[in-house]
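Below: query29.csv (CSV, C-alpha atoms and all ligand atoms)
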chain,number,residue,atom,x,y,z
I,8,MET,CA,103.0,117.5,107.9
I,9,ARG,CA,104.3,114.0,108.0
I,10,THR,CA,107.7,113.5,109.6
I,11,ILE,CA,109.7,110.5,108.8
I,12,LYS,CA,112.1,109.1,111.3
I,13,GLU,CA,114.1,106.5,109.3
I,14,HIS,CA,116.8,109.1,108.6
I,15,SER,CA,118.0,109.5,112.1
I,16,ILE,CA,118.1,105.7,112.7
I,17,MET,CA,119.9,104.8,109.4
I,18,GLU,CA,122.1,107.9,109.2
I,19,ASN,CA,121.8,107.8,105.5
I,20,PRO,CA,121.4,111.2,103.9
I,21,PHE,CA,120.1,109.7,100.6
I,22,VAL,CA,116.5,109.2,101.7
I,23,LEU,CA,114.1,107.0,99.7
I,24,VAL,CA,110.9,108.6,101.0
I,25,PRO,CA,109.4,111.7,99.4
I,26,TYR,CA,110.4,114.3,101.9
I,27,VAL,CA,112.3,114.5,105.2
I,28,SER,CA,113.9,117.9,105.4
I,29,LYS,CA,115.3,120.8,103.3
I,30,ASP,CA,118.9,119.7,103.9
I,31,LEU,CA,118.3,116.3,102.5
I,32,PHE,CA,116.3,117.6,99.5
I,33,CYS,CA,118.3,118.3,96.4
I,34,ASP,CA,117.8,121.6,94.6
I,35,ARG,CA,114.3,122.2,93.2
I,36,LYS,CA,114.8,125.8,94.3
I,37,ARG,CA,113.2,127.4,91.2
I,38,GLU,CA,110.3,124.9,91.2
I,39,THR,CA,109.6,125.5,94.9
I,40,GLU,CA,109.7,129.2,94.3
I,41,THR,CA,107.2,129.0,91.4
I,42,VAL,CA,104.8,126.7,93.3
I,43,VAL,CA,105.0,129.0,96.4
I,44,GLU,CA,104.5,132.1,94.4
I,45,TYR,CA,101.5,130.8,92.4
I,46,LEU,CA,99.8,129.4,95.5
I,47,MET,CA,100.3,132.4,97.7
I,48,GLY,CA,99.1,134.5,94.8
I,49,GLY,CA,95.9,132.6,94.9
I,50,ALA,CA,96.3,130.4,91.8
I,51,ASN,CA,95.7,126.7,91.6
I,52,ILE,CA,98.4,124.5,90.2
I,53,THR,CA,98.6,121.3,88.3
I,54,LEU,CA,101.9,119.5,88.8
I,55,ILE,CA,102.8,116.8,86.3
I,56,SER,CA,105.8,114.5,85.8
I,57,PRO,CA,106.6,110.9,85.3
I,58,ARG,CA,106.5,108.8,88.5
I,59,ARG,CA,109.3,109.2,91.0
I,60,TYR,CA,110.7,112.4,89.6
I,61,GLY,CA,109.8,114.2,92.8
I,62,LYS,CA,106.3,115.7,92.7
I,63,THR,CA,105.4,114.6,96.2
I,64,GLY,CA,108.7,115.7,97.6
I,65,LEU,CA,108.2,119.1,95.9
I,66,ILE,CA,104.7,119.4,97.3
I,67,TYR,CA,106.0,118.8,100.9
I,68,ARG,CA,108.9,121.2,100.3
I,69,ALA,CA,106.6,123.9,99.0
I,70,LEU,CA,104.0,123.5,101.7
I,71,GLU,CA,106.8,123.7,104.3
I,72,GLU,CA,108.1,126.9,102.7
I,73,ILE,CA,104.6,128.4,102.7
I,74,GLN,CA,104.1,127.6,106.4
I,75,GLY,CA,107.5,129.2,107.1
I,76,LYS,CA,106.4,132.4,105.4
I,77,ASP,CA,103.0,132.6,106.9
I,78,LYS,CA,101.9,130.7,109.9
I,79,ASN,CA,98.3,131.6,109.4
I,80,ILE,CA,98.1,129.6,106.2
I,81,ARG,CA,96.9,126.1,106.7
I,82,THR,CA,98.1,123.3,104.5
I,83,LEU,CA,96.6,119.9,103.8
I,84,TYR,CA,98.2,117.0,101.9
I,85,VAL,CA,95.9,114.3,100.6
I,86,ASP,CA,97.3,111.3,98.7
I,87,ILE,CA,94.4,109.7,96.9
I,88,TYR,CA,96.4,107.0,95.2
I,89,SER,CA,94.6,104.2,97.1
I,90,SER,CA,91.1,105.6,96.5
I,91,ASN,CA,88.7,103.8,94.2
I,92,THR,CA,85.5,105.5,95.1
I,93,ILE,CA,84.1,108.8,96.2
I,94,GLU,CA,83.8,107.2,99.7
I,95,ASP,CA,87.5,106.6,99.7
I,96,PHE,CA,88.2,110.1,98.6
I,97,ILE,CA,86.1,111.6,101.4
I,98,ARG,CA,87.7,109.3,104.0
I,99,LEU,CA,91.2,110.2,102.9
I,100,PHE,CA,90.4,113.8,102.8
I,101,ALA,CA,88.7,113.8,106.2
I,102,GLU,CA,91.6,111.8,107.7
I,103,SER,CA,94.0,114.5,106.5
I,104,VAL,CA,91.9,117.2,108.1
I,105,VAL,CA,91.8,115.3,111.4
I,106,ARG,CA,95.6,114.8,111.3
I,107,ASN,CA,96.0,118.5,111.0
I,108,LEU,CA,93.7,119.3,113.9
I,109,LYS,CA,95.5,119.1,117.2
I,110,LYS,CA,92.7,120.0,119.7
I,111,LYS,CA,89.7,117.8,120.6
I,112,SER,CA,87.5,120.9,120.4
I,113,ALA,CA,88.6,121.5,116.8
I,114,ILE,CA,87.8,117.9,115.9
I,115,SER,CA,84.3,118.1,117.3
I,116,SER,CA,83.6,121.3,115.5
I,117,PHE,CA,84.7,119.5,112.3
I,118,TRP,CA,82.3,116.7,113.1
I,119,GLY,CA,79.6,119.3,113.5
I,120,PHE,CA,80.2,120.5,110.0
I,121,LEU,CA,79.7,117.0,108.6
I,122,GLY,CA,76.1,117.1,109.7
I,123,GLY,CA,74.3,113.8,109.9
I,124,ILE,CA,77.1,111.4,109.4
I,125,ARG,CA,78.9,110.0,112.4
I,126,PRO,CA,82.5,109.1,111.5
I,127,VAL,CA,84.2,106.5,113.8
I,128,ILE,CA,87.7,107.5,114.6
I,129,SER,CA,90.5,105.1,115.7
I,130,TYR,CA,94.2,105.7,116.0
I,131,ASP,CA,96.9,103.4,114.5
I,132,GLY,CA,98.6,101.6,117.4
I,133,ILE,CA,102.1,102.3,116.2
I,134,THR,CA,102.0,105.5,114.2
I,135,GLY,CA,99.1,107.2,116.0
I,136,ILE,CA,97.7,108.2,112.7
I,137,PRO,CA,93.9,108.7,112.8
I,138,LYS,CA,91.7,106.4,110.8
I,139,LEU,CA,88.1,107.1,110.0
I,140,SER,CA,85.2,104.9,109.1
I,141,ILE,CA,82.1,106.5,107.8
I,142,SER,CA,78.8,105.0,106.9
I,143,TYR,CA,76.2,106.7,104.8
I,144,GLN,CA,72.5,106.4,104.4
I,145,ASP,CA,72.5,106.9,100.7
I,146,GLU,CA,74.4,108.3,97.7
I,147,GLU,CA,73.1,111.8,98.3
I,148,GLU,CA,74.7,111.8,101.7
I,149,LYS,CA,78.1,111.2,100.2
I,150,ARG,CA,77.7,114.2,98.0
I,151,THR,CA,76.6,116.4,100.9
I,152,THR,CA,79.5,115.2,103.0
I,153,LEU,CA,82.0,116.0,100.3
I,154,ALA,CA,80.4,119.4,99.9
I,155,SER,CA,80.7,120.0,103.7
I,156,LEU,CA,84.4,119.1,103.7
I,157,PHE,CA,85.1,122.0,101.3
I,158,LYS,CA,82.7,124.3,103.2
I,159,TYR,CA,84.5,123.5,106.4
I,160,LEU,CA,87.8,124.6,104.9
I,161,GLU,CA,86.3,127.7,103.4
I,162,GLU,CA,84.9,128.8,106.7
I,163,LEU,CA,88.2,128.4,108.6
I,164,LYS,CA,88.6,132.1,107.7
I,165,CYS,CA,92.2,131.7,106.7
I,166,THR,CA,94.0,130.7,103.5
I,167,VAL,CA,94.0,127.0,103.1
I,168,ILE,CA,96.2,125.1,100.6
I,169,VAL,CA,95.1,121.6,99.7
I,170,ALA,CA,97.4,119.2,97.8
I,171,LEU,CA,95.6,116.4,96.0
I,172,ASP,CA,98.3,114.0,95.0
I,173,GLU,CA,97.7,111.3,92.4
I,174,PHE,CA,94.7,113.3,91.3
I,175,GLN,CA,94.2,111.3,88.1
I,176,GLN,CA,92.8,108.5,90.3
I,177,ILE,CA,89.4,110.2,90.4
I,178,ARG,CA,88.9,109.2,86.8
I,179,ASN,CA,88.6,105.6,87.9
I,180,TYR,CA,85.7,106.1,90.3
I,181,PRO,CA,82.8,104.1,89.0
I,182,ASP,CA,79.3,105.6,88.3
I,183,ILE,CA,80.3,109.2,89.0
I,184,ASN,CA,81.7,112.2,87.2
I,185,MET,CA,84.0,113.1,90.0
I,186,GLU,CA,85.7,115.9,88.0
I,187,ALA,CA,82.4,117.7,87.5
I,188,LEU,CA,81.3,117.2,91.1
I,189,LEU,CA,84.6,118.5,92.5
I,190,ARG,CA,84.6,121.4,90.1
I,191,THR,CA,81.2,122.4,91.4
I,192,TYR,CA,82.4,122.5,95.0
I,193,ILE,CA,85.9,123.9,94.3
I,194,GLN,CA,85.0,126.8,92.0
I,195,PRO,CA,83.2,129.0,94.5
I,196,LEU,CA,85.9,128.7,97.2
I,197,LYS,CA,87.7,132.0,97.9
I,198,ASN,CA,90.1,130.9,100.6
I,199,VAL,CA,91.1,127.5,99.5
I,200,HIS,CA,93.7,126.9,96.8
I,201,PHE,CA,94.8,123.6,95.3
I,202,ILE,CA,97.7,121.7,93.9
I,203,PHE,CA,96.6,118.8,91.7
I,204,SER,CA,99.4,116.4,91.1
I,205,GLY,CA,99.7,113.3,88.9
I,206,SER,CA,102.0,111.2,86.8
I,207,LYS,CA,99.7,110.0,84.0
I,208,LYS,CA,100.6,112.9,81.7
I,209,HIS,CA,98.0,112.2,79.1
I,210,MET,CA,95.1,112.0,81.6
I,211,MET,CA,96.3,114.9,83.7
I,212,THR,CA,96.8,117.2,80.7
I,213,SER,CA,93.4,116.3,79.3
I,214,MET,CA,91.7,117.0,82.6
I,215,PHE,CA,93.1,120.5,82.7
I,216,THR,CA,93.4,121.5,79.0
I,217,ASP,CA,90.5,119.9,77.2
I,218,ALA,CA,87.8,122.5,76.6
I,219,LYS,CA,85.2,119.9,77.5
I,220,SER,CA,86.8,119.0,80.9
I,221,PRO,CA,85.3,120.5,84.0
I,222,PHE,CA,88.7,121.7,85.2
I,223,TYR,CA,89.5,123.3,81.8
I,224,GLU,CA,92.0,126.2,82.2
I,225,SER,CA,91.3,126.5,85.9
I,226,THR,CA,94.9,126.0,87.0
I,227,ARG,CA,98.5,126.8,86.1
I,228,LEU,CA,100.3,123.8,84.6
I,229,LEU,CA,103.7,122.9,85.8
I,230,PHE,CA,105.7,120.1,84.2
I,231,LEU,CA,108.4,118.9,86.6
I,232,ASP,CA,111.7,117.9,84.8
I,233,LYS,CA,114.7,115.9,86.1
I,234,ILE,CA,117.0,117.6,88.5
I,235,ASP,CA,119.9,119.5,86.8
I,236,LYS,CA,123.1,117.4,86.6
I,237,VAL,CA,125.4,120.0,88.1
I,238,ALA,CA,123.0,120.6,91.0
I,239,TYR,CA,122.6,116.9,91.7
I,240,SER,CA,126.3,116.2,91.4
I,241,SER,CA,127.2,118.8,94.1
I,242,PHE,CA,124.4,117.6,96.3
I,243,ILE,CA,125.8,114.1,96.2
I,244,ARG,CA,129.3,115.3,97.0
I,245,GLU,CA,128.1,117.5,99.8
I,246,GLN,CA,126.1,114.7,101.4
I,247,PHE,CA,129.1,112.3,101.4
I,248,GLU,CA,131.3,115.1,102.8
I,249,ARG,CA,128.9,115.9,105.6
I,250,PHE,CA,129.6,112.4,106.9
I,251,ASN,CA,133.4,112.7,106.3
I,252,LYS,CA,133.3,110.5,103.3
I,253,ARG,CA,134.8,111.3,99.9
I,254,ILE,CA,133.5,110.5,96.5
I,255,SER,CA,135.4,110.9,93.3
I,256,ASP,CA,134.2,113.0,90.4
I,257,GLU,CA,134.3,109.9,88.2
I,258,ALA,CA,132.1,108.1,90.6
I,259,ILE,CA,129.6,110.9,90.6
I,260,ASP,CA,129.6,111.1,86.8
I,261,PHE,CA,129.0,107.4,86.7
I,262,ILE,CA,126.0,107.7,89.1
I,263,THR,CA,124.3,110.5,87.3
I,264,SER,CA,124.6,108.9,83.9
I,265,TRP,CA,123.9,105.3,85.0
I,266,THR,CA,120.6,106.5,86.7
I,267,LYS,CA,119.9,108.9,83.8
I,268,LEU,CA,119.3,111.5,86.6
I,269,HIS,CA,115.9,110.0,87.3
I,270,THR,CA,115.5,111.1,90.9
I,271,PHE,CA,114.4,108.0,92.6
I,272,TYR,CA,117.1,105.8,91.0
I,273,THR,CA,119.8,108.3,91.7
I,274,GLN,CA,118.8,108.4,95.3
I,275,SER,CA,118.6,104.6,95.5
I,276,LEU,CA,122.1,104.1,94.0
I,277,CYS,CA,123.6,106.8,96.3
I,278,ASN,CA,121.8,105.3,99.3
I,279,HIS,CA,123.3,101.9,98.4
I,280,ILE,CA,126.8,103.2,97.9
I,281,PHE,CA,126.6,105.2,101.1
I,282,ILE,CA,125.8,102.0,103.1
I,283,LYS,CA,128.5,100.0,101.4
I,284,GLU,CA,131.5,102.3,101.4
I,285,ASP,CA,133.4,103.5,104.4
I,286,PHE,CA,135.6,106.5,103.7
I,287,SER,CA,136.1,107.0,100.0
I,288,VAL,CA,134.1,106.1,97.0
I,289,SER,CA,135.9,105.2,93.7
I,290,LEU,CA,134.4,104.7,90.3
I,291,GLU,CA,134.9,100.9,90.8
I,292,ALA,CA,133.0,101.0,94.1
I,293,ALA,CA,130.1,102.9,92.4
I,294,LYS,CA,129.9,100.4,89.6
I,295,LYS,CA,130.0,97.5,92.0
I,296,SER,CA,127.0,99.0,93.9
I,297,ALA,CA,125.1,99.4,90.7
I,298,SER,CA,125.5,95.8,89.7
I,299,GLN,CA,124.6,94.7,93.2
I,300,LEU,CA,121.4,96.7,93.0
I,301,LEU,CA,120.5,95.0,89.7
I,302,TYR,CA,121.2,91.6,91.3
I,303,GLU,CA,119.0,92.5,94.3
I,304,ASN,CA,116.2,93.6,92.0
I,305,GLU,CA,116.4,90.6,89.6
I,306,GLN,CA,113.5,88.8,91.1
I,307,GLN,CA,111.2,91.8,90.5
I,308,PHE,CA,112.5,92.0,86.9
I,309,LEU,CA,111.7,88.4,86.3
I,310,GLU,CA,108.2,88.9,87.6
I,311,VAL,CA,107.8,91.6,85.0
I,312,ARG,CA,108.9,89.1,82.3
I,313,ASN,CA,106.3,86.6,83.5
I,314,LEU,CA,103.6,89.2,82.9
I,315,LEU,CA,104.7,89.9,79.3
I,316,THR,CA,104.6,87.9,76.1
I,317,SER,CA,108.0,87.1,74.7
I,318,ASN,CA,107.5,89.7,71.9
I,319,GLN,CA,106.8,92.4,74.5
I,320,TRP,CA,109.8,91.4,76.6
I,321,GLU,CA,112.0,91.5,73.5
I,322,PHE,CA,110.6,94.9,72.5
I,323,LEU,CA,111.3,96.2,75.9
I,324,LYS,CA,114.9,94.9,75.7
I,325,ALA,CA,115.3,96.6,72.3
I,326,ILE,CA,114.2,100.0,73.8
I,327,ALA,CA,116.6,99.4,76.8
I,328,LYS,CA,119.5,98.6,74.5
I,329,GLU,CA,118.9,101.8,72.5
I,330,GLY,CA,118.5,103.8,75.7
I,331,GLU,CA,116.1,106.1,74.0
I,332,VAL,CA,114.1,105.5,70.8
I,333,ARG,CA,112.7,108.3,68.8
I,334,GLN,CA,111.4,106.4,65.8
I,335,PRO,CA,110.1,103.1,66.9
I,336,THR,CA,108.4,102.4,63.6
I,337,SER,CA,111.5,103.2,61.5
I,338,GLY,CA,112.9,100.5,59.2
I,339,ALA,CA,116.3,100.6,60.9
I,340,PHE,CA,114.9,99.9,64.4
I,341,ILE,CA,112.4,97.2,63.2
I,342,LEU,CA,115.1,95.4,61.2
I,343,LYS,CA,117.7,95.6,63.9
I,344,TYR,CA,115.5,94.0,66.5
I,345,ARG,CA,113.4,91.8,64.2
I,346,ILE,CA,110.1,93.5,65.1
I,347,GLY,CA,108.4,92.6,61.8
I,348,THR,CA,106.2,95.5,60.8
I,349,PRO,CA,105.6,99.1,61.9
I,350,ALA,CA,102.1,98.0,63.0
I,351,ASN,CA,103.7,95.4,65.3
I,352,SER,CA,106.0,98.0,66.7
I,353,ARG,CA,103.1,100.4,67.3
I,354,ARG,CA,101.0,97.7,69.0
I,355,LEU,CA,103.9,96.6,71.3
I,356,LEU,CA,104.7,100.2,72.2
I,357,GLN,CA,101.2,101.0,73.1
I,358,SER,CA,100.7,97.9,75.3
I,359,LEU,CA,104.0,98.5,77.1
I,360,GLN,CA,103.0,102.2,77.7
I,361,ASP,CA,99.7,101.1,79.1
I,362,LYS,CA,101.5,98.9,81.5
I,363,GLU,CA,103.7,101.8,82.4
I,364,LEU,CA,106.8,99.9,81.4
I,365,ILE,CA,107.7,102.4,78.7
I,366,LEU,CA,107.8,106.1,79.3
I,367,SER,CA,107.3,108.7,76.5
I,368,THR,CA,108.8,112.1,77.1
I,369,SER,CA,108.3,115.1,74.8
I,370,THR,CA,111.6,116.7,73.8
I,371,LYS,CA,112.4,119.5,71.4
I,372,GLU,CA,113.3,116.9,68.8
I,373,GLY,CA,110.0,115.0,69.3
I,374,ILE,CA,108.8,112.1,71.4
I,375,ALA,CA,111.4,109.8,73.0
I,376,TYR,CA,110.6,106.4,74.4
I,377,SER,CA,112.6,104.8,77.2
I,378,VAL,CA,112.1,102.0,79.7
I,379,TYR,CA,110.3,103.6,82.6
I,380,ASN,CA,112.2,101.8,85.4
I,381,VAL,CA,115.8,102.8,85.0
I,382,PHE,CA,117.1,99.8,86.9
I,383,LEU,CA,115.1,97.4,84.7
I,384,SER,CA,116.5,99.3,81.7
I,385,ARG,CA,120.1,98.8,82.8
I,386,TYR,CA,119.3,95.1,83.6
I,387,LEU,CA,117.8,94.6,80.1
I,388,GLU,CA,120.5,96.2,78.2
I,389,ASN,CA,123.0,93.7,79.6
I,390,LEU,CA,120.9,90.7,78.5
B,1,LIG,N1,114.7,117.0,95.4
B,1,LIG,C1,115.0,115.7,95.8
B,1,LIG,N2,116.1,115.4,96.5
B,1,LIG,C2,116.4,114.2,96.9
B,1,LIG,N3,115.6,113.1,96.7
B,1,LIG,C3,114.4,113.4,96.1
B,1,LIG,C4,114.0,114.6,95.6
B,1,LIG,N4,112.8,114.5,95.0
B,1,LIG,C5,112.5,113.3,95.1
B,1,LIG,N5,113.4,112.5,95.7
B,1,LIG,C6,113.5,111.1,95.9
B,1,LIG,O1,112.8,110.5,94.8
B,1,LIG,C7,111.8,109.7,95.3
B,1,LIG,C8,110.6,109.9,94.4
B,1,LIG,O2,110.0,111.2,94.7
B,1,LIG,P1,108.5,111.4,94.8
B,1,LIG,O3,108.3,112.8,95.3
B,1,LIG,O4,107.8,110.3,95.6
B,1,LIG,O5,108.1,111.3,93.2
B,1,LIG,P2,106.7,111.4,92.5
B,1,LIG,O6,105.7,112.0,93.5
B,1,LIG,O7,106.9,112.3,91.4
B,1,LIG,O8,106.3,110.0,92.1
B,1,LIG,C9,111.5,110.0,96.7
B,1,LIG,O9,111.2,108.9,97.5
B,1,LIG,C10,112.8,110.6,97.2
B,1,LIG,O10,113.6,109.5,97.7
B,2,MG,MG,104.1,111.1,94.4

Mind converting the file's structure to structure tokens?
Ligand SMILES: Nc1ncnc2c1ncn2[C@@H]1O[C@H](COP(=O)(O)OP(=O)(O)O)[C@@H](O)[C@H]1O
Ligand SMILES: [Mg+2]
Amino acid sequence: MRTIKEHSIMENPFVLVPYVSKDLFCDRKRETETVVEYLMGGANITLISPRRYGKTGLIYRALEEIQGKDKNIRTLYVDIYSSNTIEDFIRLFAESVVRNLKKKSAISSFWGFLGGIRPVISYDGITGIPKLSISYQDEEEKRTTLASLFKYLEELKCTVIVALDEFQQIRNYPDINMEALLRTYIQPLKNVHFIFSGSKKHMMTSMFTDAKSPFYESTRLLFLDKIDKVAYSSFIREQFERFNKRISDEAIDFITSWTKLHTFYTQSLCNHIFIKEDFSVSLEAAKKSASQLLYENEQQFLEVRNLLTSNQWEFLKAIAKEGEVRQPTSGAFILKYRIGTPANSRRLLQSLQDKELILSTSTKEGIAYSVYNVFLSRYLENL
């Protein structure tokens, strides 16, 4: 398990990394319980939510909980976000195994499993994190290496839980049906259970619910929502109080509504306020921090603008000004923001969704569109 030291240096309880410890982690009690229960019951899980809602944090939290319950269960976290090929996947996976193996003898028995290939191991000078480099004779050798990774876990003779974070990434690997391949190796495993996690909702859902997909109906789907407002509000108050700081109810209300309770943005604003304010935080102070944050991020927003056509930028602004749009092709919306035609609106919406600048969320009342980055949304609505 990764430990992160920033907290003790900065003394800021509002952390901006996925997970530090239970006391700095807000709520997610029910979700943690569900994940733990399913995994310990032998099921595989698919965890889906928009980016930065807290999937990775929840995974760490749940794995920690599981280890607390049963020391004999081994857990493995693999982030495959940076992978573009099956080779990357194998390397990241094997690095994670090696990170978990403390003893030299365990590492050499792991090498033994990998058969013919000879990984070269080096340790990062600062973090000490092991890095592997592996060379292969041919394509076939990659497949057998992948197969032996899973075989190794299965033969540990204990329950192993593997989290594959940013799982959708495997759809981008060229010249290979990674889903089918993984499914072949994963299906027969008895002792190894998986969490597949990802933020591209459409892709993730199709991987696990399309009858034609290799992983069809092989897991339990969990959609992670925003943290409950009451829970987040008391968490914010408690964290300030732990450091003998006070924060007014109005300030907390402002924070949760301004950040729309999107986890990462709520944490960022709280982190900012915590640094700036000494003993007591008023509504004005919270608002001041919020506008400072926008100011500090402006360069990044202008870069977004440079990547867009002026029509796209204006459309994004329109969505931001509305906050949430349910009928982007309606006459009223098109007229108000001079979008032209429903077809224009549809095209702009699609292109901005593809760029992950617009988020679509399913609600009881239908689909709602909003600007993905909450700070950008607040910036745009003021233009
Ligand atoms: N339960 C939580 N309590 C406090 N902060 C959280 C919580 N969940 C997530 N965060 C914060 O939100 C950020 C994004 O969470 P992360 O788990 O990385 O999201 P995701 O994996 O869904 O993209 C984290 O860096 C962390 O700062
Ligand atoms: Mg994540």

Find the residue from I:Phe32, I:Phe281, I:Phe96, I:Phe247 that sits nearest to ligand LIG 1 (chain B); use all atoms listed in the file when measuring. I:Phe32

I'd like the neighbourhood of Ile66 of chain I as a list of chain:residue names, where a residue qualifies if any of its atoms comes within 10 Å (using all atoms listed in the file), though same-chain residues fewer than 4 positions away should be ignored.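 Using all atoms listed in the file, the neighbours found are I:Pro25, I:Tyr26, I:Glu38, I:Thr39, I:Val42, I:Val43, I:Leu54, I:Gly61, I:Lys62, I:Leu70, I:Glu71, I:Glu72, I:Tyr84, I:Ala170, I:Leu171, I:Asp172, I:Ile202, I:Phe203, I:Ser204.
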
Create the file for the chosen residues now, containing C-alpha atoms and written as a JSON list (two decimals), in the coordinates of the input.
[["chain", "number", "residue", "atom", "x", "y", "z"],
["I", 25, "PRO", "CA", 109.40, 111.70, 99.40],
["I", 26, "TYR", "CA", 110.40, 114.30, 101.90],
["I", 38, "GLU", "CA", 110.30, 124.90, 91.20],
["I", 39, "THR", "CA", 109.60, 125.50, 94.90],
["I", 42, "VAL", "CA", 104.80, 126.70, 93.30],
["I", 43, "VAL", "CA", 105.00, 129.00, 96.40],
["I", 54, "LEU", "CA", 101.90, 119.50, 88.80],
["I", 61, "GLY", "CA", 109.80, 114.20, 92.80],
["I", 62, "LYS", "CA", 106.30, 115.70, 92.70],
["I", 70, "LEU", "CA", 104.00, 123.50, 101.70],
["I", 71, "GLU", "CA", 106.80, 123.70, 104.30],
["I", 72, "GLU", "CA", 108.10, 126.90, 102.70],
["I", 84, "TYR", "CA", 98.20, 117.00, 101.90],
["I", 170, "ALA", "CA", 97.40, 119.20, 97.80],
["I", 171, "LEU", "CA", 95.60, 116.40, 96.00],
["I", 172, "ASP", "CA", 98.30, 114.00, 95.00],
["I", 202, "ILE", "CA", 97.70, 121.70, 93.90],
["I", 203, "PHE", "CA", 96.60, 118.80, 91.70],
["I", 204, "SER", "CA", 99.40, 116.40, 91.10]]

Report, in Å to a single decimal, how far apart atom CA of Gly205 of chain I and atom CA of Glu40 of chain I are.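 Atom CA of Gly205 of chain I lies 19.5 Å from atom CA of Glu40 of chain I.
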
Which distance in Å separates atom CA of Arg333 of chain I and atom CA of Gln357 of chain I, to one decimal? 14.3 Å

So that I can see what lies close to Glu148 of chain I, please list as a list in words the residues with an atom at most 9 Å from it, counting only C-alpha atoms and leaving out residues fewer than 5 positions away in the same chain. Gly123, Ile124, Tyr143 and Leu153 of chain I

Is there a way to get, as a list in words, all residues within 9 Å of the point (85.7, 120.8, 101.3) in file coordinates, counting only C-alpha atoms?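 Applying the cut-off with only C-alpha atoms, one gets Phe100, Thr152, Leu153, Ala154, Ser155, Leu156, Phe157, Lys158, Tyr159, Leu160, Glu161, Tyr192, Ile193, Leu196 and Val199 of chain I.
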
Rank I:Ile259, I:Met185, I:Ile114, I:Ile234 by their smallest atom-to-atom distance to Ile93 of chain I, using all atoms listed in the file, and report the top residue only. I:Met185

Show me, as a ChimeraX atom specification, the residues that have an atom within 12 Å of Ile177 of chain I when counting all atoms listed in the file, minus same-chain residues fewer than 5 positions from it. /I:86-97,171-172,182-189,203-205,210-211,214

Hey, which residues come within 8 Å of ligand LIG 1 (chain B) if we count only C-alpha atoms and all ligand atoms? Could you give them as number ranges by chain? I: 21-26, 31-35, 55-66, 172, 205-206, 234, 270-275

Residues from last step as file, C-alpha atoms, as a PDB file, in the frame of the given file:
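result.pdb, written as the output of this step:
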ATOM      1  CA  PHE I  21     120.100 109.700 100.600  1.00  0.00           C
ATOM      2  CA  VAL I  22     116.500 109.200 101.700  1.00  0.00           C
ATOM      3  CA  LEU I  23     114.100 107.000  99.700  1.00  0.00           C
ATOM      4  CA  VAL I  24     110.900 108.600 101.000  1.00  0.00           C
ATOM      5  CA  PRO I  25     109.400 111.700  99.400  1.00  0.00           C
ATOM      6  CA  TYR I  26     110.400 114.300 101.900  1.00  0.00           C
ATOM      7  CA  LEU I  31     118.300 116.300 102.500  1.00  0.00           C
ATOM      8  CA  PHE I  32     116.300 117.600  99.500  1.00  0.00           C
ATOM      9  CA  CYS I  33     118.300 118.300  96.400  1.00  0.00           C
ATOM     10  CA  ASP I  34     117.800 121.600  94.600  1.00  0.00           C
ATOM     11  CA  ARG I  35     114.300 122.200  93.200  1.00  0.00           C
ATOM     12  CA  ILE I  55     102.800 116.800  86.300  1.00  0.00           C
ATOM     13  CA  SER I  56     105.800 114.500  85.800  1.00  0.00           C
ATOM     14  CA  PRO I  57     106.600 110.900  85.300  1.00  0.00           C
ATOM     15  CA  ARG I  58     106.500 108.800  88.500  1.00  0.00           C
ATOM     16  CA  ARG I  59     109.300 109.200  91.000  1.00  0.00           C
ATOM     17  CA  TYR I  60     110.700 112.400  89.600  1.00  0.00           C
ATOM     18  CA  GLY I  61     109.800 114.200  92.800  1.00  0.00           C
ATOM     19  CA  LYS I  62     106.300 115.700  92.700  1.00  0.00           C
ATOM     20  CA  THR I  63     105.400 114.600  96.200  1.00  0.00           C
ATOM     21  CA  GLY I  64     108.700 115.700  97.600  1.00  0.00           C
ATOM     22  CA  LEU I  65     108.200 119.100  95.900  1.00  0.00           C
ATOM     23  CA  ILE I  66     104.700 119.400  97.300  1.00  0.00           C
ATOM     24  CA  ASP I 172      98.300 114.000  95.000  1.00  0.00           C
ATOM     25  CA  GLY I 205      99.700 113.300  88.900  1.00  0.00           C
ATOM     26  CA  SER I 206     102.000 111.200  86.800  1.00  0.00           C
ATOM     27  CA  ILE I 234     117.000 117.600  88.500  1.00  0.00           C
ATOM     28  CA  THR I 270     115.500 111.100  90.900  1.00  0.00           C
ATOM     29  CA  PHE I 271     114.400 108.000  92.600  1.00  0.00           C
ATOM     30  CA  TYR I 272     117.100 105.800  91.000  1.00  0.00           C
ATOM     31  CA  THR I 273     119.800 108.300  91.700  1.00  0.00           C
ATOM     32  CA  GLN I 274     118.800 108.400  95.300  1.00  0.00           C
ATOM     33  CA  SER I 275     118.600 104.600  95.500  1.00  0.00           C
TER      34      SER I 275
END

Which is closer to ligand MG 2 (chain B) than all the others in I:Phe174, I:Thr41, I:Ser129, I:Ile168, using all atoms listed in the file?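 Nearest to ligand MG 2 (chain B): I:Phe174.
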
Calculate how many Å separate atom CA of Tyr45 of chain I from atom CA of Val169 of chain I, rounding to one decimal. 13.4 Å

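Each of I:Asp256, I:Glu44, I:Glu173, I:Glu303 was compared to ligand MG 2 (chain B) using only C-alpha atoms and all ligand atoms, and I:Glu173 turns out to be the nearest.
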
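The residue that comes closest to ligand MG 2 (chain B), out of I:Cys277, I:Ile128, I:Ile133, I:Leu231 and on the basis of only C-alpha atoms and all ligand atoms, is I:Leu231.
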